[in-house]
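Here the structure comes first, spelled out in structure tokens, and everything after it is commentary.
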Amino acid sequence: MEFFLDTADVDEIREIAAWGILDGVTTNPSLIKKSGRDFKKVVAEIASICDGPISAEVTAMDTAGMIEQGLALKAELPDNVIIKIPCTPEGLAATKVLTEAGIDTNVTLIFSAAQALMAAKAGATYVSPFIGRIDDTGHDGMTLIAEIMDTWSNYHWITTKVLAASIRHPTHVLQCIQLGAHTATMPAKIFRQLMKHPLTDRGLEGFMKDWAEVEKAGNA
Ligand code: E4P
């Protein structure tokens with residue numbers, strides 16, 4: 001499974017990239033706002049830290065505007081930047097055109113298996129179903145991941161990857177893995193939670209204490 005960071009904070013990206021297991025980064029207009037930085041400058045810096053796919057989102061609402069922005073982002077930013085497009089009829093049309101131009105896309109704001117299939121038909125490289133935002137409405141977001149994986153198993157022509165997004169806790173990630181989702185994008189906090197276990201900390205503390213005794217005895 002690919003692990004992406006969902007942030008535009010370059011310090012966090014550097015921290016997690018140093019672990020050696022970061023496969024990509026997703027941004028969106030809200031995360032760019034939170035960074036307080038210039039959109040293209042911050043995306044270019046992110047793309048220099050992580051050589052996997054970096055999603056940069058278009059903000060036009062019409063097909064022509066999305067295509068224009070997508071082409072401009074691809075022309076101005078490093079090669080590993082991919083174009084994030086909202087799951088609207090206009091976005092589908094833009095995805096189709098950009099795909100035919102050889103540009104990778106991430107179709108975002110997916111809340112149903114039907115939307116995911118439509119985006120796959122348009123040639124999306126990734127589709128992003130939002131788990132946490134469905135949970136927030138009192139429904140089970142994980143059901144959507146299960147439904148997409150199940151539906152897609154009937155259609156072997158689909159090469160689009162399922163990028164589970166809006167992840168709120170480590171259990172979401174584990175459930176996505178069990179369901180076979182290709183990619184999960186998550187905040188740095190979840191990466192840290194996935195690595196943390198009190199027994200690892202306690203075990204290491206014990207080993208280090210005993211090793212100090214070994215050194216003291218001149219047996220190291
Ligand atoms: C995905 O690409 C989105 O940026 C993100 O996962 C949205 O998550 P949120 O619901 O926590 O804002």
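Identifiers in the structure tokens: chain A, B, ... in order shown; residue index from 1 per chain; ligand index from 1 in order shown.
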message = Hey, which residues sit close to ligand 1? Say within 9 Å, counting only C-alpha atoms and all ligand atoms, and write them as a ChimeraX atom specification.
response = /A:5-7,25-31,55,84,106-109,128-134,163-168,184-187
Would you write out those residues with N, CA, C and O atoms, as a compact mmCIF listing (two decimals), in the first residue's frame?
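Result saved to result.txt:
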```txt
# COMPACT_ATOMS: atom_id res chain seq x y z
N LEU A 5 1.24 11.71 2.53
CA LEU A 5 0.97 12.70 3.58
C LEU A 5 -0.05 13.68 3.06
O LEU A 5 0.05 14.12 1.91
N ASP A 6 -1.00 14.06 3.91
CA ASP A 6 -2.05 15.00 3.52
C ASP A 6 -1.76 16.31 4.23
O ASP A 6 -2.30 16.58 5.31
N THR A 7 -0.89 17.12 3.65
CA THR A 7 -0.48 18.37 4.30
C THR A 7 0.28 19.24 3.30
O THR A 7 0.79 18.73 2.30
N VAL A 25 2.40 13.00 -1.62
CA VAL A 25 1.77 14.04 -0.78
C VAL A 25 0.51 14.54 -1.49
O VAL A 25 0.50 14.68 -2.71
N THR A 26 -0.55 14.79 -0.70
CA THR A 26 -1.74 15.43 -1.25
C THR A 26 -1.91 16.80 -0.59
O THR A 26 -1.68 16.94 0.61
N THR A 27 -2.30 17.78 -1.41
CA THR A 27 -2.64 19.09 -0.85
C THR A 27 -4.05 19.42 -1.34
O THR A 27 -4.58 18.74 -2.22
N ASN A 28 -4.64 20.43 -0.75
CA ASN A 28 -5.92 20.97 -1.25
C ASN A 28 -5.93 22.46 -0.90
O ASN A 28 -5.05 22.92 -0.15
N PRO A 29 -6.89 23.22 -1.41
CA PRO A 29 -6.88 24.67 -1.15
C PRO A 29 -6.89 25.01 0.34
O PRO A 29 -6.27 26.00 0.76
N SER A 30 -7.57 24.20 1.16
CA SER A 30 -7.62 24.49 2.60
C SER A 30 -6.25 24.26 3.24
O SER A 30 -5.82 25.03 4.13
N LEU A 31 -5.54 23.22 2.80
CA LEU A 31 -4.20 22.95 3.36
C LEU A 31 -3.21 24.02 2.91
O LEU A 31 -2.31 24.40 3.67
N SER A 55 -0.09 15.94 -5.22
CA SER A 55 -1.34 16.46 -5.79
C SER A 55 -1.47 17.96 -5.60
O SER A 55 -1.39 18.45 -4.46
N LYS A 84 -5.05 17.56 -9.23
CA LYS A 84 -6.21 17.15 -8.44
C LYS A 84 -7.44 17.91 -8.94
O LYS A 84 -7.40 19.14 -9.08
N ASN A 106 -5.81 13.16 -9.94
CA ASN A 106 -6.39 12.63 -8.71
C ASN A 106 -7.77 13.26 -8.60
O ASN A 106 -7.90 14.47 -8.37
N VAL A 107 -8.81 12.46 -8.81
CA VAL A 107 -10.17 13.01 -8.74
C VAL A 107 -10.64 12.94 -7.28
O VAL A 107 -10.68 11.86 -6.67
N THR A 108 -10.97 14.11 -6.75
CA THR A 108 -11.17 14.26 -5.31
C THR A 108 -12.64 14.55 -4.98
O THR A 108 -13.46 14.76 -5.85
N LEU A 109 -12.92 14.53 -3.66
CA LEU A 109 -14.27 14.77 -3.15
C LEU A 109 -15.24 13.70 -3.65
O LEU A 109 -16.33 14.00 -4.15
N SER A 128 -10.14 9.79 -4.92
CA SER A 128 -10.03 10.03 -3.48
C SER A 128 -11.38 10.01 -2.78
O SER A 128 -12.07 11.04 -2.69
N PRO A 129 -11.80 8.84 -2.25
CA PRO A 129 -12.99 8.81 -1.40
C PRO A 129 -12.66 9.33 0.00
O PRO A 129 -11.62 8.96 0.56
N PHE A 130 -13.53 10.18 0.54
CA PHE A 130 -13.28 10.86 1.83
C PHE A 130 -13.97 10.09 2.97
O PHE A 130 -15.17 10.27 3.21
N ILE A 131 -13.22 9.29 3.69
CA ILE A 131 -13.80 8.45 4.75
C ILE A 131 -14.32 9.29 5.93
O ILE A 131 -15.48 9.17 6.33
N GLY A 132 -13.43 10.10 6.50
CA GLY A 132 -13.77 10.84 7.73
C GLY A 132 -14.96 11.76 7.57
O GLY A 132 -15.79 11.87 8.47
N ARG A 133 -15.05 12.40 6.41
CA ARG A 133 -16.17 13.34 6.24
C ARG A 133 -17.50 12.59 6.16
O ARG A 133 -18.55 13.15 6.50
N ILE A 134 -17.47 11.31 5.71
CA ILE A 134 -18.71 10.51 5.73
C ILE A 134 -19.01 10.12 7.18
O ILE A 134 -20.15 10.25 7.65
N LEU A 163 -7.42 5.97 -3.56
CA LEU A 163 -6.61 6.74 -2.61
C LEU A 163 -7.51 7.14 -1.44
O LEU A 163 -8.24 8.14 -1.53
N ALA A 164 -7.51 6.35 -0.39
CA ALA A 164 -8.38 6.64 0.75
C ALA A 164 -7.95 7.94 1.40
O ALA A 164 -6.78 8.11 1.77
N ALA A 165 -8.91 8.87 1.55
CA ALA A 165 -8.59 10.22 2.06
C ALA A 165 -9.48 10.55 3.24
O ALA A 165 -10.37 9.78 3.59
N SER A 166 -9.20 11.72 3.85
CA SER A 166 -9.96 12.17 5.01
C SER A 166 -9.89 11.11 6.12
O SER A 166 -10.91 10.70 6.67
N ILE A 167 -8.66 10.69 6.38
CA ILE A 167 -8.41 9.64 7.39
C ILE A 167 -8.24 10.28 8.75
O ILE A 167 -7.51 11.26 8.90
N ARG A 168 -8.96 9.75 9.73
CA ARG A 168 -8.98 10.39 11.05
C ARG A 168 -8.20 9.65 12.14
O ARG A 168 -7.90 10.21 13.17
N ALA A 184 -3.27 5.38 0.92
CA ALA A 184 -3.97 6.15 1.96
C ALA A 184 -3.22 7.46 2.13
O ALA A 184 -1.99 7.47 2.16
N THR A 185 -3.97 8.56 2.19
CA THR A 185 -3.32 9.84 2.49
C THR A 185 -3.77 10.29 3.86
O THR A 185 -4.96 10.22 4.19
N MET A 186 -2.81 10.68 4.68
CA MET A 186 -3.15 10.96 6.09
C MET A 186 -2.25 12.06 6.66
O MET A 186 -1.13 12.26 6.19
N PRO A 187 -2.74 12.75 7.70
CA PRO A 187 -1.92 13.77 8.35
C PRO A 187 -0.72 13.13 9.06
O PRO A 187 -0.74 11.93 9.37
```
query = Out of range 62-201 of chain A, which residues get alpha helix (DSSP H) from DSSP, as an NGL selection string?
reply = :A and (63-76 or 89-100 or 113-121 or 131-135 or 141-152 or 170-179 or 188-195 or 198-201)
Given the selection you just returned, output its residues as a file containing C-alpha atoms, formatted as a PDB file, in the first residue's frame.
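Final output, result-v5.pdb:
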```pdb
ATOM      1  CA  THR A  63     -13.819  22.321 -17.775  1.00  0.00           C
ATOM      2  CA  ALA A  64     -11.794  24.754 -19.888  1.00  0.00           C
ATOM      3  CA  GLY A  65     -10.511  26.538 -16.772  1.00  0.00           C
ATOM      4  CA  MET A  66      -9.540  23.257 -15.093  1.00  0.00           C
ATOM      5  CA  ILE A  67      -7.682  22.095 -18.198  1.00  0.00           C
ATOM      6  CA  GLU A  68      -5.904  25.451 -18.492  1.00  0.00           C
ATOM      7  CA  GLN A  69      -4.874  25.394 -14.816  1.00  0.00           C
ATOM      8  CA  GLY A  70      -3.836  21.738 -15.011  1.00  0.00           C
ATOM      9  CA  LEU A  71      -1.637  22.341 -18.061  1.00  0.00           C
ATOM     10  CA  ALA A  72      -0.114  25.464 -16.479  1.00  0.00           C
ATOM     11  CA  LEU A  73       0.661  23.622 -13.211  1.00  0.00           C
ATOM     12  CA  LYS A  74       2.291  20.783 -15.165  1.00  0.00           C
ATOM     13  CA  ALA A  75       4.332  23.273 -17.214  1.00  0.00           C
ATOM     14  CA  GLU A  76       5.513  25.318 -14.231  1.00  0.00           C
ATOM     15  CA  PRO A  89     -19.224  16.673 -14.578  1.00  0.00           C
ATOM     16  CA  GLU A  90     -16.825  19.502 -15.539  1.00  0.00           C
ATOM     17  CA  GLY A  91     -14.062  17.770 -13.599  1.00  0.00           C
ATOM     18  CA  LEU A  92     -14.716  14.460 -15.374  1.00  0.00           C
ATOM     19  CA  ALA A  93     -14.380  16.136 -18.772  1.00  0.00           C
ATOM     20  CA  ALA A  94     -11.144  17.851 -17.669  1.00  0.00           C
ATOM     21  CA  THR A  95      -9.808  14.539 -16.314  1.00  0.00           C
ATOM     22  CA  LYS A  96     -10.466  12.868 -19.662  1.00  0.00           C
ATOM     23  CA  VAL A  97      -8.629  15.614 -21.603  1.00  0.00           C
ATOM     24  CA  LEU A  98      -5.656  15.765 -19.193  1.00  0.00           C
ATOM     25  CA  THR A  99      -5.399  11.945 -19.170  1.00  0.00           C
ATOM     26  CA  GLU A 100      -5.313  11.915 -22.968  1.00  0.00           C
ATOM     27  CA  ALA A 113     -18.990   4.192  -5.563  1.00  0.00           C
ATOM     28  CA  ALA A 114     -20.802   5.561  -8.624  1.00  0.00           C
ATOM     29  CA  GLN A 115     -18.647   8.723  -8.570  1.00  0.00           C
ATOM     30  CA  ALA A 116     -15.505   6.593  -8.213  1.00  0.00           C
ATOM     31  CA  LEU A 117     -16.453   4.493 -11.238  1.00  0.00           C
ATOM     32  CA  MET A 118     -17.243   7.583 -13.348  1.00  0.00           C
ATOM     33  CA  ALA A 119     -13.815   9.043 -12.479  1.00  0.00           C
ATOM     34  CA  ALA A 120     -12.135   5.734 -13.386  1.00  0.00           C
ATOM     35  CA  LYS A 121     -13.964   5.772 -16.735  1.00  0.00           C
ATOM     36  CA  ILE A 131     -13.799   8.450   4.748  1.00  0.00           C
ATOM     37  CA  GLY A 132     -13.766  10.836   7.732  1.00  0.00           C
ATOM     38  CA  ARG A 133     -16.170  13.336   6.237  1.00  0.00           C
ATOM     39  CA  ILE A 134     -18.713  10.512   5.731  1.00  0.00           C
ATOM     40  CA  ASP A 135     -18.150   9.356   9.336  1.00  0.00           C
ATOM     41  CA  GLY A 141     -17.080   5.970   5.549  1.00  0.00           C
ATOM     42  CA  MET A 142     -15.264   2.635   5.419  1.00  0.00           C
ATOM     43  CA  THR A 143     -18.308   1.075   3.730  1.00  0.00           C
ATOM     44  CA  LEU A 144     -17.545   3.284   0.721  1.00  0.00           C
ATOM     45  CA  ILE A 145     -13.994   1.917   0.428  1.00  0.00           C
ATOM     46  CA  ALA A 146     -15.383  -1.653   0.673  1.00  0.00           C
ATOM     47  CA  GLU A 147     -18.024  -0.894  -1.953  1.00  0.00           C
ATOM     48  CA  ILE A 148     -15.494   0.617  -4.400  1.00  0.00           C
ATOM     49  CA  MET A 149     -13.014  -2.265  -3.998  1.00  0.00           C
ATOM     50  CA  ASP A 150     -15.804  -4.806  -4.377  1.00  0.00           C
ATOM     51  CA  THR A 151     -17.369  -3.136  -7.430  1.00  0.00           C
ATOM     52  CA  TRP A 152     -14.032  -2.681  -9.158  1.00  0.00           C
ATOM     53  CA  PRO A 170      -4.898   4.587  12.534  1.00  0.00           C
ATOM     54  CA  THR A 171      -7.792   2.088  12.466  1.00  0.00           C
ATOM     55  CA  HIS A 172      -9.009   3.726   9.251  1.00  0.00           C
ATOM     56  CA  VAL A 173      -5.611   2.940   7.693  1.00  0.00           C
ATOM     57  CA  LEU A 174      -5.601  -0.677   8.872  1.00  0.00           C
ATOM     58  CA  GLN A 175      -9.142  -1.216   7.581  1.00  0.00           C
ATOM     59  CA  CYS A 176      -8.156   0.286   4.203  1.00  0.00           C
ATOM     60  CA  ILE A 177      -5.224  -2.130   4.023  1.00  0.00           C
ATOM     61  CA  GLN A 178      -7.531  -5.064   4.804  1.00  0.00           C
ATOM     62  CA  LEU A 179      -9.887  -3.950   2.035  1.00  0.00           C
ATOM     63  CA  ALA A 188       1.508  13.470  10.005  1.00  0.00           C
ATOM     64  CA  LYS A 189      -0.237  12.765  13.323  1.00  0.00           C
ATOM     65  CA  ILE A 190      -1.548   9.444  11.952  1.00  0.00           C
ATOM     66  CA  PHE A 191       1.917   8.427  10.668  1.00  0.00           C
ATOM     67  CA  ARG A 192       3.241   9.018  14.212  1.00  0.00           C
ATOM     68  CA  GLN A 193       0.329   7.106  15.778  1.00  0.00           C
ATOM     69  CA  LEU A 194       0.901   4.165  13.405  1.00  0.00           C
ATOM     70  CA  MET A 195       4.494   3.874  14.640  1.00  0.00           C
ATOM     71  CA  PRO A 198       4.104   1.764  24.563  1.00  0.00           C
ATOM     72  CA  LEU A 199       5.584  -1.761  24.644  1.00  0.00           C
ATOM     73  CA  THR A 200       8.170  -0.762  22.011  1.00  0.00           C
ATOM     74  CA  ASP A 201       9.163   2.243  24.158  1.00  0.00           C
TER      75      ASP A 201
END
```
inquiry  = To test your reading of the structure, identify every residue in range 104-189 of chain A that backbone DSSP assigns to strand (DSSP E or B), and report it as an MDAnalysis selection string.
reply    = chainID A and resid 105:110 126:130 161:165 183:186
ask   = By how many Å are CA of Val162 in chain A and CA of Val127 in chain A apart?
value =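 CA of Val127 in chain A lies at a distance of 5.3 Å from CA of Val162 in chain A.
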query = Which distance in Å separates CA of Ile49 in chain A and CA of Arg14 in chain A, to one decimal?
reply =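 About the pair CA of Ile49 in chain A and CA of Arg14 in chain A: they are 6.6 Å apart.
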message = Can you measure CA of Asp9 in chain A to CA of Ser35 in chain A for me? One decimal in Å is fine.
response =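 Between these atoms lies a distance of 5.9 Å.
Checking A:Thr183, A:Ile110, A:Ile83, A:Thr125 one by one against Asp23 in chain A, counting only C-alpha atoms, you find the shortest gap at A:Thr183.
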inquiry  = Could you check the closest approach to Thr59 in chain A for each of A:Pro86, A:Pro78, A:Gly36, A:Gly102 and tell me which residue wins, using only C-alpha atoms?
reply    =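 Nearest to Thr59 in chain A: A:Pro86.
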